[in-house]
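To start, the structure itself, in structure tokens.
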Amino acid sequence: MRRHAMQILLLANVTLVFVLLWLWFLPDGSLRNAHWQPPEARKADLANMLPSLPGVGSADTSQFVAMLDRPLFTITRRPPPPPPPPQAPPPSDNLSTARLSGVYQGEGVGGIILSIAGKDRRVRLNEAIEGWTLQAITGRDVAFTRGGQRRVLTLPRAALTAEASQAASPLGAAKPIPKPSPPPSVRRPPESPAGTPADVAEQSPVAPKVPPKATFGGGRR
């Protein structure tokens with residue numbers, strides 16, 4: 001029995017060897033499927049992949065118009081009023097913060113120098129700036145007009161400082177004489193017999209120093 005089993009197994013192995021040789025080799029001895037062949041290209045049909053859409057038909061829009069004219073969720077059953085149109089921002093009025101720096105006039109011409117928005121600008125008569133027109137120049141006052149409005153600017157007077165007054169004086173002004181400082185306090189030594197030179201020196205006041213006199217134009221005053 002064991003001998004017959006060995007023969008059957010040997011026969012099965014030989015059969016499998018021949019099957020493998022048939023699968024791997026061609027009749028001419030070359031290997032099967034040794035070279036890769038690309039598959040045949042297939043064209044996709046996208047038109048059949050899209051769902052079919054219904055055709056365009058006519059619709060009664062009168063019902064939609066009636067719904068807009070009489071809204072269902074409003075108390076008055078009336079549409080809300082349209083929003084007001086956007087208002088344009090008011091024009092900037094830089095003339096309110098302008099400063100008049102100078103005024104000049106001549107034969108038939110005149111104008112001003114105006115410091116506006118941090119810049120000095122020259123404006124002539126009947127010339128517009130920031131929407132305002134320079135209408136008239138009267139002394140130190142200048143008048144602007146815009147759309148029936150009128151605004152007057154006045155040229156400020158220069159403040160006369162101490163340095164300016166000294167420069168304007170032909171001879172100059174004398175500097176104020178400083179006040180003499182009080183003499184330093186002297187600490188007295190212990191009591192000694194009266195009449196000693198040390199005591200007399202301590203009791204004598206210290207004479208203040210006299211400041212020098214100011215001279216102007218070579219003379220002494």
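Numbering starts fresh at 1 for the residues of each chain in the structure tokens, the chains themselves are lettered A, B, ... in the order given, and ligands are numbered from 1 as they appear.
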If we count only C-alpha atoms and set the cut-off at 12 Å, which residues sit around region 61-66 of chain A, ignoring sequence neighbours fewer than 4 positions away in its own chain? Please answer as a PyMOL selection string. chain A and resi 70-72+77-79
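Compared by their closest atoms to Asn94 (chain A), and using only C-alpha atoms, the residues A:Trp132, A:Phe73, A:Glu40, A:Arg124 rank with A:Trp132 nearest.
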Mind checking which residues fall within 10 Å of Ser96 (chain A), counting only C-alpha atoms, ignoring those fewer than 4 positions away in the same chain, and posting them as a PDB file with N, CA and C atoms, in the first residue's frame?
ATOM      1  N   SER A  92     -14.974 118.443   3.180  1.00  0.00           N
ATOM      2  CA  SER A  92     -14.110 118.833   4.289  1.00  0.00           C
ATOM      3  C   SER A  92     -13.879 120.341   4.257  1.00  0.00           C
ATOM      4  N   ILE A 116      -2.796 126.352   5.218  1.00  0.00           N
ATOM      5  CA  ILE A 116      -3.957 125.476   5.288  1.00  0.00           C
ATOM      6  C   ILE A 116      -3.503 124.028   5.193  1.00  0.00           C
ATOM      7  N   ARG A 151     -17.103 134.006   5.046  1.00  0.00           N
ATOM      8  CA  ARG A 151     -16.184 133.795   6.167  1.00  0.00           C
ATOM      9  C   ARG A 151     -15.048 134.802   6.056  1.00  0.00           C
ATOM     10  N   LEU A 153     -11.314 136.081   7.622  1.00  0.00           N
ATOM     11  CA  LEU A 153     -10.110 135.762   8.366  1.00  0.00           C
ATOM     12  C   LEU A 153      -9.321 137.045   8.587  1.00  0.00           C
TER      13      LEU A 153
END
Please, what distance in Å, to one decimal, runs between CA of Gly118 (chain A) and CA of Gln149 (chain A)?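 Interatomic distance, CA of Gly118 (chain A) to CA of Gln149 (chain A): 24.0 Å.
Backbone DSSP assigns alpha helix (DSSP H) in region 53-172 of chain A to Ser62, Gln63, Phe64, Val65, Ala66, Met67, Leu68, Asp69, Ala162, Glu163, Ala164, Ser165, Gln166, Ala167 and Ala168 of chain A.
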Between CA of Asp120 (chain A) and CA of Gly102 (chain A), what is the distance, to one decimal in Å?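 Spanning CA of Asp120 (chain A) to CA of Gly102 (chain A) is a straight-line distance of 10.2 Å.
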